[in-house]
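Undergrad: Following this message is one structure expressed as structure tokens.
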Amino acid sequence: MMEKISINAWEKIMDFIQEDARRIPVKGEFDVIVAGSGPSGISAALRAAETGAATLLIEKNGCLGGMWTAGLLGWIIDHDKPESRLMNRLKTELRKSCSSAGSPPCSGSFAFEPENMKLLLEELCEEAGVRFRLYTAAVGILPGDAGKPDCIITESKSGREAWRGKLFIDATGDGDLGAFSGASFETGSPEDGHFQPMSMLAVLTGIRLPEIIRYVNGYTPRAQAVNNLHDLLTENGAEPTYHDATLFFLSDELFLLMANHEYHVSGCDADDLTRAATAARREIHAQIAALRRSGPEWKRLTVAATAEQIGVREGRRIRGLYQISLADLLEGRRQPDAICHVKAGIDIHALKPSFSNGFADHNYKSKPYDIPLRSLISADIPNLILTGRCISGDFYAHASYRVTGNMVPLGEAAGVLAALAVRKNLLPAQVPYELVRQTL
């Protein structure tokens, strides 16, 4: 007979439990282990493997690509990267498979179909010899000698497992590996600590570009297109929480909708993520119902998919050997160890719903600037490399470089740096920049 547990006893158990020590199987040993397969993580893994390192890529979702795929973000901002061999190959392959509408006439961005990106990334990893594991979350780090992590700990349907590595790359977006390993970090805005809001994306079908072109960013100038869409939603009873609600054309009859903001939530808190995703999905379906009521051109509108991963704009910013600052952006500072040239402006989405538009008010005008290799090297953990939006930067700089067009060259540099460090038996900070540049 099962023993009954009183409410008080249950609350006591939920306060704190002591888990017994256990033996964790080591599933493999690798030169480089990358946690997170978003645009930066996938780039890091591919270039590490191509540079000769035995590479493992860990991904919590059921596909590679992060926000490009699980997040449905089929729109690459700041994609024109002469320094990125991989970005050029991705665009070429997507065009070849008819999975991209390319760059719209009124926008410098690049559109693609997320579903075909999933397949392409898997094929590239298999071609490069990257071992990847899906449905697996990185949940911890075990220290080794001299403060260097020795193993990454994961949880999955296969249980709790360990993977031994020489170099680790944090591509989790939220800086999870850095936090697990004890690295110092910053979060939120310097004024009040608030994070930029999250947005859930949806892929739509059942509409045709010529019939709704006045609402589509890239085919109508952005300011005009977002105003038209905002007014249409509001008039039909679904005023969007993201004032600058945007509709993007991907290809054929596929469109991408970004029309919600979830405020005062953290990407490092599972309860916040749950509330945000639930509210965002509810709002998307209400918006679709409103658009169907708005006219005959919308009557066949259908939600093909909502993202399984809500779009988190910022999490932890791990401290590196160099912190990219607002001053770097205002001066357009060039760096002696540049790995990525950023053209995107300071894109801070409104931190509270009271703003009259979708973006926070600030008077900063950035100039194109460089991201240095030093900002990818952890200042606290000798064998930890950072890539993606968790690299070392302040709140304002992060709001510029976080767009996915910049994530690819960052990942490539991180992967090459890791592979060269293993090959030369050096720490990342000891690898000469010229060697990294020549290898890239």
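Just so we're on the same page: first chain in the structure tokens is A, next is B, and so on; residues restart at 1 for each chain, and ligands are numbered from 1 in the order they show up.
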Using only C-alpha atoms, which residues sit within 8 Å of A:Thr51 once same-chain residues fewer than 5 positions away are excluded, as a ChimeraX atom specification?
TA: /A:416,419-420,439
Undergrad: Excluding A:Ile324 and residues on its chain fewer than 5 positions from it, collect all residues at most 10 Å away from it, counting only C-alpha atoms, and give them as a ChimeraX atom specification.
TA: /A:329,333,369-372,374-375,391-398,401
Undergrad: If you take only C-alpha atoms and a cut-off of 12 Å, which residues of stretch 35-76 of chain A touch stretch 240-247 of chain A, and what are their nearest atom pairs and distances in Å to one decimal, in chain and number order, as a tab-separated table?
TA:
residue	atom	partner	partner_atom	distance
A:Leu73	CA	A:Leu247	CA	11.9
A:Gly74	CA	A:Leu247	CA	11.6
A:Trp75	CA	A:Leu247	CA	10.8
Undergrad: Just write the chosen residues, N, CA and C atoms, as a compact mmCIF listing (two decimals), in the first residue's frame.
TA:
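This is the output file out_1.txt:
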# COMPACT_ATOMS: atom_id res chain seq x y z
N LEU A 73 13.12 31.10 -37.75
CA LEU A 73 13.59 32.41 -38.19
C LEU A 73 14.25 32.30 -39.57
N GLY A 74 13.42 32.30 -40.61
CA GLY A 74 13.90 32.17 -41.97
C GLY A 74 14.28 33.50 -42.59
N TRP A 75 14.96 34.33 -41.84
CA TRP A 75 15.25 35.70 -42.27
C TRP A 75 16.59 36.10 -41.67
Undergrad: Leaving out A:Val26 and any residue of its chain fewer than 5 positions from it, which residues lie within 8 Å of it when counting only C-alpha atoms, given as number ranges by chain?
TA: A: 161-164
Undergrad: Taking only C-alpha atoms into account, which of A:Gly41, A:Gly36, A:Gly147, A:Gly178 comes nearest A:Leu134?
TA: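 Of all the options, A:Gly36 lies closest to A:Leu134.
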Undergrad: I'd like the neighbourhood of A:Leu121 as a PyMOL selection string, where a residue qualifies if any of its atoms comes within 10 Å (using only C-alpha atoms), though same-chain residues fewer than 2 positions away should be ignored.
TA: chain A and resi 37+39+42-43+46+63-65+69+90+116-119+123-127
Undergrad: Using C-alpha atoms, can you write the selected residues to a file as a compact mmCIF listing (two decimals), in the first residue's frame?
TA:
# COMPACT_ATOMS: atom_id res chain seq x y z
CA SER A 37 23.55 24.03 -32.70
CA PRO A 39 23.63 29.48 -36.37
CA ILE A 42 26.60 24.76 -36.16
CA SER A 43 29.23 27.00 -37.75
CA LEU A 46 31.60 22.47 -38.92
CA CYS A 63 16.84 19.42 -35.26
CA LEU A 64 19.99 21.38 -35.93
CA GLY A 65 19.86 25.12 -36.50
CA THR A 69 14.90 25.98 -37.64
CA LEU A 90 24.58 28.17 -47.07
CA ASN A 116 15.02 22.81 -45.86
CA MET A 117 17.66 24.44 -43.66
CA LYS A 118 17.26 21.51 -41.23
CA LEU A 119 18.15 19.01 -43.92
CA GLU A 123 24.03 16.95 -44.55
CA LEU A 124 26.85 19.43 -43.93
CA CYS A 125 27.60 17.90 -40.53
CA GLU A 126 27.69 14.38 -41.95
CA GLU A 127 29.96 15.55 -44.77
Undergrad: DSSP on the backbone, alpha helix (DSSP H) only: what residues of stretch 305-426 of chain A does that give? Format it as an NGL selection string.
TA: :A and (326-331 or 395-401 or 404-424)
Undergrad: Print the selection's residues with N, CA and C atoms to a file, as an mmCIF file, in the first residue's frame.
TA:
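Okay, out.cif is ready:
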data_model
loop_
_atom_site.group_PDB
_atom_site.id
_atom_site.type_symbol
_atom_site.label_atom_id
_atom_site.label_comp_id
_atom_site.auth_asym_id
_atom_site.auth_seq_id
_atom_site.Cartn_x
_atom_site.Cartn_y
_atom_site.Cartn_z
ATOM 1 N N LEU A 326 29.568 49.875 -26.052
ATOM 2 C CA LEU A 326 28.858 50.906 -26.800
ATOM 3 C C LEU A 326 29.848 51.857 -27.474
ATOM 4 N N ALA A 327 30.940 52.171 -26.785
ATOM 5 C CA ALA A 327 31.946 53.070 -27.363
ATOM 6 C C ALA A 327 32.516 52.503 -28.660
ATOM 7 N N ASP A 328 32.710 51.174 -28.725
ATOM 8 C CA ASP A 328 33.203 50.547 -29.953
ATOM 9 C C ASP A 328 32.245 50.807 -31.114
ATOM 10 N N LEU A 329 30.947 50.737 -30.821
ATOM 11 C CA LEU A 329 29.939 50.919 -31.863
ATOM 12 C C LEU A 329 29.857 52.375 -32.305
ATOM 13 N N LEU A 330 29.899 53.290 -31.341
ATOM 14 C CA LEU A 330 29.775 54.706 -31.670
ATOM 15 C C LEU A 330 30.973 55.191 -32.473
ATOM 16 N N GLU A 331 32.151 54.614 -32.194
ATOM 17 C CA GLU A 331 33.372 55.005 -32.915
ATOM 18 C C GLU A 331 33.583 54.213 -34.197
ATOM 19 N N PHE A 395 25.350 45.567 -22.911
ATOM 20 C CA PHE A 395 23.947 45.473 -23.312
ATOM 21 C C PHE A 395 23.710 46.083 -24.689
ATOM 22 N N TYR A 396 24.321 47.233 -24.959
ATOM 23 C CA TYR A 396 24.070 47.935 -26.218
ATOM 24 C C TYR A 396 24.771 47.256 -27.389
ATOM 25 N N ALA A 397 26.001 46.820 -27.171
ATOM 26 C CA ALA A 397 26.709 46.118 -28.240
ATOM 27 C C ALA A 397 25.994 44.821 -28.598
ATOM 28 N N HIS A 398 25.543 44.103 -27.571
ATOM 29 C CA HIS A 398 24.817 42.845 -27.800
ATOM 30 C C HIS A 398 23.593 43.068 -28.677
ATOM 31 N N ALA A 399 22.922 44.196 -28.479
ATOM 32 C CA ALA A 399 21.707 44.481 -29.244
ATOM 33 C C ALA A 399 21.992 44.712 -30.723
ATOM 34 N N SER A 400 23.253 44.847 -31.080
ATOM 35 C CA SER A 400 23.650 44.997 -32.475
ATOM 36 C C SER A 400 24.146 43.675 -33.060
ATOM 37 N N TYR A 401 25.131 43.055 -32.406
ATOM 38 C CA TYR A 401 25.775 41.886 -33.025
ATOM 39 C C TYR A 401 24.960 40.608 -32.921
ATOM 40 N N THR A 404 21.486 37.010 -36.657
ATOM 41 C CA THR A 404 22.088 35.722 -37.025
ATOM 42 C C THR A 404 23.113 35.809 -38.150
ATOM 43 N N GLY A 405 23.085 36.884 -38.945
ATOM 44 C CA GLY A 405 24.118 37.020 -39.962
ATOM 45 C C GLY A 405 25.510 37.111 -39.363
ATOM 46 N N ASN A 406 25.611 37.679 -38.161
ATOM 47 C CA ASN A 406 26.905 37.775 -37.483
ATOM 48 C C ASN A 406 27.289 36.488 -36.768
ATOM 49 N N MET A 407 26.311 35.668 -36.469
ATOM 50 C CA MET A 407 26.584 34.456 -35.696
ATOM 51 C C MET A 407 27.425 33.447 -36.470
ATOM 52 N N VAL A 408 27.297 33.445 -37.787
ATOM 53 C CA VAL A 408 28.041 32.462 -38.595
ATOM 54 C C VAL A 408 29.541 32.725 -38.560
ATOM 55 N N PRO A 409 30.037 33.933 -38.904
ATOM 56 C CA PRO A 409 31.484 34.148 -38.801
ATOM 57 C C PRO A 409 32.018 34.026 -37.379
ATOM 58 N N LEU A 410 31.199 34.385 -36.368
ATOM 59 C CA LEU A 410 31.635 34.172 -34.986
ATOM 60 C C LEU A 410 31.863 32.687 -34.734
ATOM 61 N N GLY A 411 30.922 31.854 -35.155
ATOM 62 C CA GLY A 411 31.058 30.418 -34.964
ATOM 63 C C GLY A 411 32.247 29.841 -35.706
ATOM 64 N N GLU A 412 32.447 30.305 -36.934
ATOM 65 C CA GLU A 412 33.588 29.811 -37.705
ATOM 66 C C GLU A 412 34.904 30.109 -36.984
ATOM 67 N N ALA A 413 35.031 31.325 -36.462
ATOM 68 C CA ALA A 413 36.259 31.689 -35.741
ATOM 69 C C ALA A 413 36.415 30.844 -34.474
ATOM 70 N N ALA A 414 35.309 30.619 -33.760
ATOM 71 C CA ALA A 414 35.372 29.813 -32.540
ATOM 72 C C ALA A 414 35.813 28.388 -32.858
ATOM 73 N N GLY A 415 35.263 27.799 -33.922
ATOM 74 C CA GLY A 415 35.616 26.431 -34.285
ATOM 75 C C GLY A 415 37.054 26.292 -34.721
ATOM 76 N N VAL A 416 37.520 27.239 -35.537
ATOM 77 C CA VAL A 416 38.909 27.206 -35.995
ATOM 78 C C VAL A 416 39.860 27.401 -34.815
ATOM 79 N N LEU A 417 39.545 28.355 -33.940
ATOM 80 C CA LEU A 417 40.379 28.598 -32.761
ATOM 81 C C LEU A 417 40.490 27.346 -31.901
ATOM 82 N N ALA A 418 39.355 26.677 -31.662
ATOM 83 C CA ALA A 418 39.368 25.471 -30.829
ATOM 84 C C ALA A 418 40.214 24.373 -31.465
ATOM 85 N N ALA A 419 40.029 24.144 -32.763
ATOM 86 C CA ALA A 419 40.771 23.078 -33.440
ATOM 87 C C ALA A 419 42.267 23.359 -33.445
ATOM 88 N N LEU A 420 42.653 24.613 -33.669
ATOM 89 C CA LEU A 420 44.076 24.964 -33.676
ATOM 90 C C LEU A 420 44.680 24.830 -32.281
ATOM 91 N N ALA A 421 43.916 25.198 -31.245
ATOM 92 C CA ALA A 421 44.414 25.066 -29.882
ATOM 93 C C ALA A 421 44.692 23.602 -29.552
ATOM 94 N N VAL A 422 43.798 22.720 -29.972
ATOM 95 C CA VAL A 422 44.011 21.285 -29.737
ATOM 96 C C VAL A 422 45.225 20.795 -30.516
ATOM 97 N N ARG A 423 45.316 21.181 -31.787
ATOM 98 C CA ARG A 423 46.421 20.728 -32.636
ATOM 99 C C ARG A 423 47.778 21.185 -32.089
ATOM 100 N N LYS A 424 47.847 22.412 -31.594
ATOM 101 C CA LYS A 424 49.107 22.987 -31.120
ATOM 102 C C LYS A 424 49.340 22.729 -29.627
#
Undergrad: Do a neighbour search on A:Phe185 at 8 Å with only C-alpha atoms, toss out local chain neighbours closer than 5 positions, and write the hits as a ChimeraX atom specification.
TA: /A:179,316-319
Undergrad: Generate the output file for the selected residues, N, CA and C atoms, as a CSV table (one decimal), in the first residue's frame.
TA:
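Contents of the output file out_38.csv:
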chain,number,residue,atom,x,y,z
A,179,ALA,N,28.0,29.6,-17.3
A,179,ALA,CA,27.4,29.6,-16.0
A,179,ALA,C,27.7,28.3,-15.2
A,316,ARG,N,22.6,35.4,-20.8
A,316,ARG,CA,23.8,35.8,-20.1
A,316,ARG,C,24.9,36.3,-21.2
A,317,ARG,N,25.6,37.3,-20.8
A,317,ARG,CA,26.8,37.7,-21.6
A,317,ARG,C,28.0,37.4,-20.8
A,318,ILE,N,28.7,36.3,-21.2
A,318,ILE,CA,29.9,35.8,-20.5
A,318,ILE,C,31.1,36.8,-20.6
A,319,ARG,N,31.8,37.0,-19.5
A,319,ARG,CA,33.0,37.8,-19.5
A,319,ARG,C,34.1,37.2,-20.3
Undergrad: Excluding stretch 300-309 of chain A and any residue of its chain fewer than 5 positions from it, enumerate the residues within 7 Å of it, using only C-alpha atoms, and give them as number ranges by chain.
TA: A: 70-72, 200-207, 292
Undergrad: Pick from A:Gly62, A:Pro82, A:Gly159, A:Gly388: nearest to A:Val139, with only C-alpha atoms counted?
TA: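 Using only C-alpha atoms, the shortest distance to A:Val139 belongs to A:Gly159.
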Undergrad: Mind giving me the straight-line distance from atom CA of A:Val130 to atom CA of A:Leu57 in Å, one decimal?
TA: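 Pair atom CA of A:Val130 / atom CA of A:Leu57 returns 7.0 Å.
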Undergrad: Write out as a list of chain:residue names which residues come within 8 Å of A:Lys343 when counting only C-alpha atoms, dropping same-chain ones fewer than 6 positions away.
TA: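 Using only C-alpha atoms, the neighbours found are A:Asp78, A:Lys367, A:Pro368, A:Tyr369.
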Undergrad: Using only C-alpha atoms, pick whichever of A:Asn227, A:Gly165, A:Pro197, A:Glu50 has the shortest atom-to-atom distance to A:Asp272.
TA: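 Result for the nearest residue to A:Asp272: A:Pro197.
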Undergrad: What is the atom CA of A:Arg402-atom CA of A:Glu314 distance in Å, reported with one decimal?
TA: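 Between atom CA of A:Arg402 and atom CA of A:Glu314 the gap is 8.3 Å.
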Undergrad: Restricting the calculation to only C-alpha atoms, which member of A:Val436, A:Val312, A:Leu120, A:Cys98 is positioned closest to A:Phe195?
TA: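 Closest residue, counting only C-alpha atoms: A:Val312.
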Undergrad: Would you compute the distance between atom CA of A:Asp174 and atom CA of A:Ala138? Give it in Å to one decimal.
TA: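 Calculated distance between atom CA of A:Asp174 and atom CA of A:Ala138 is 12.0 Å.
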Undergrad: I need the strand (DSSP E) residues of stretch 300-438 of chain A per DSSP on the backbone, written as a VMD selection string.
TA: chain A and resid 302 to 306 316 to 318 338 to 342 369 to 372 384 to 386
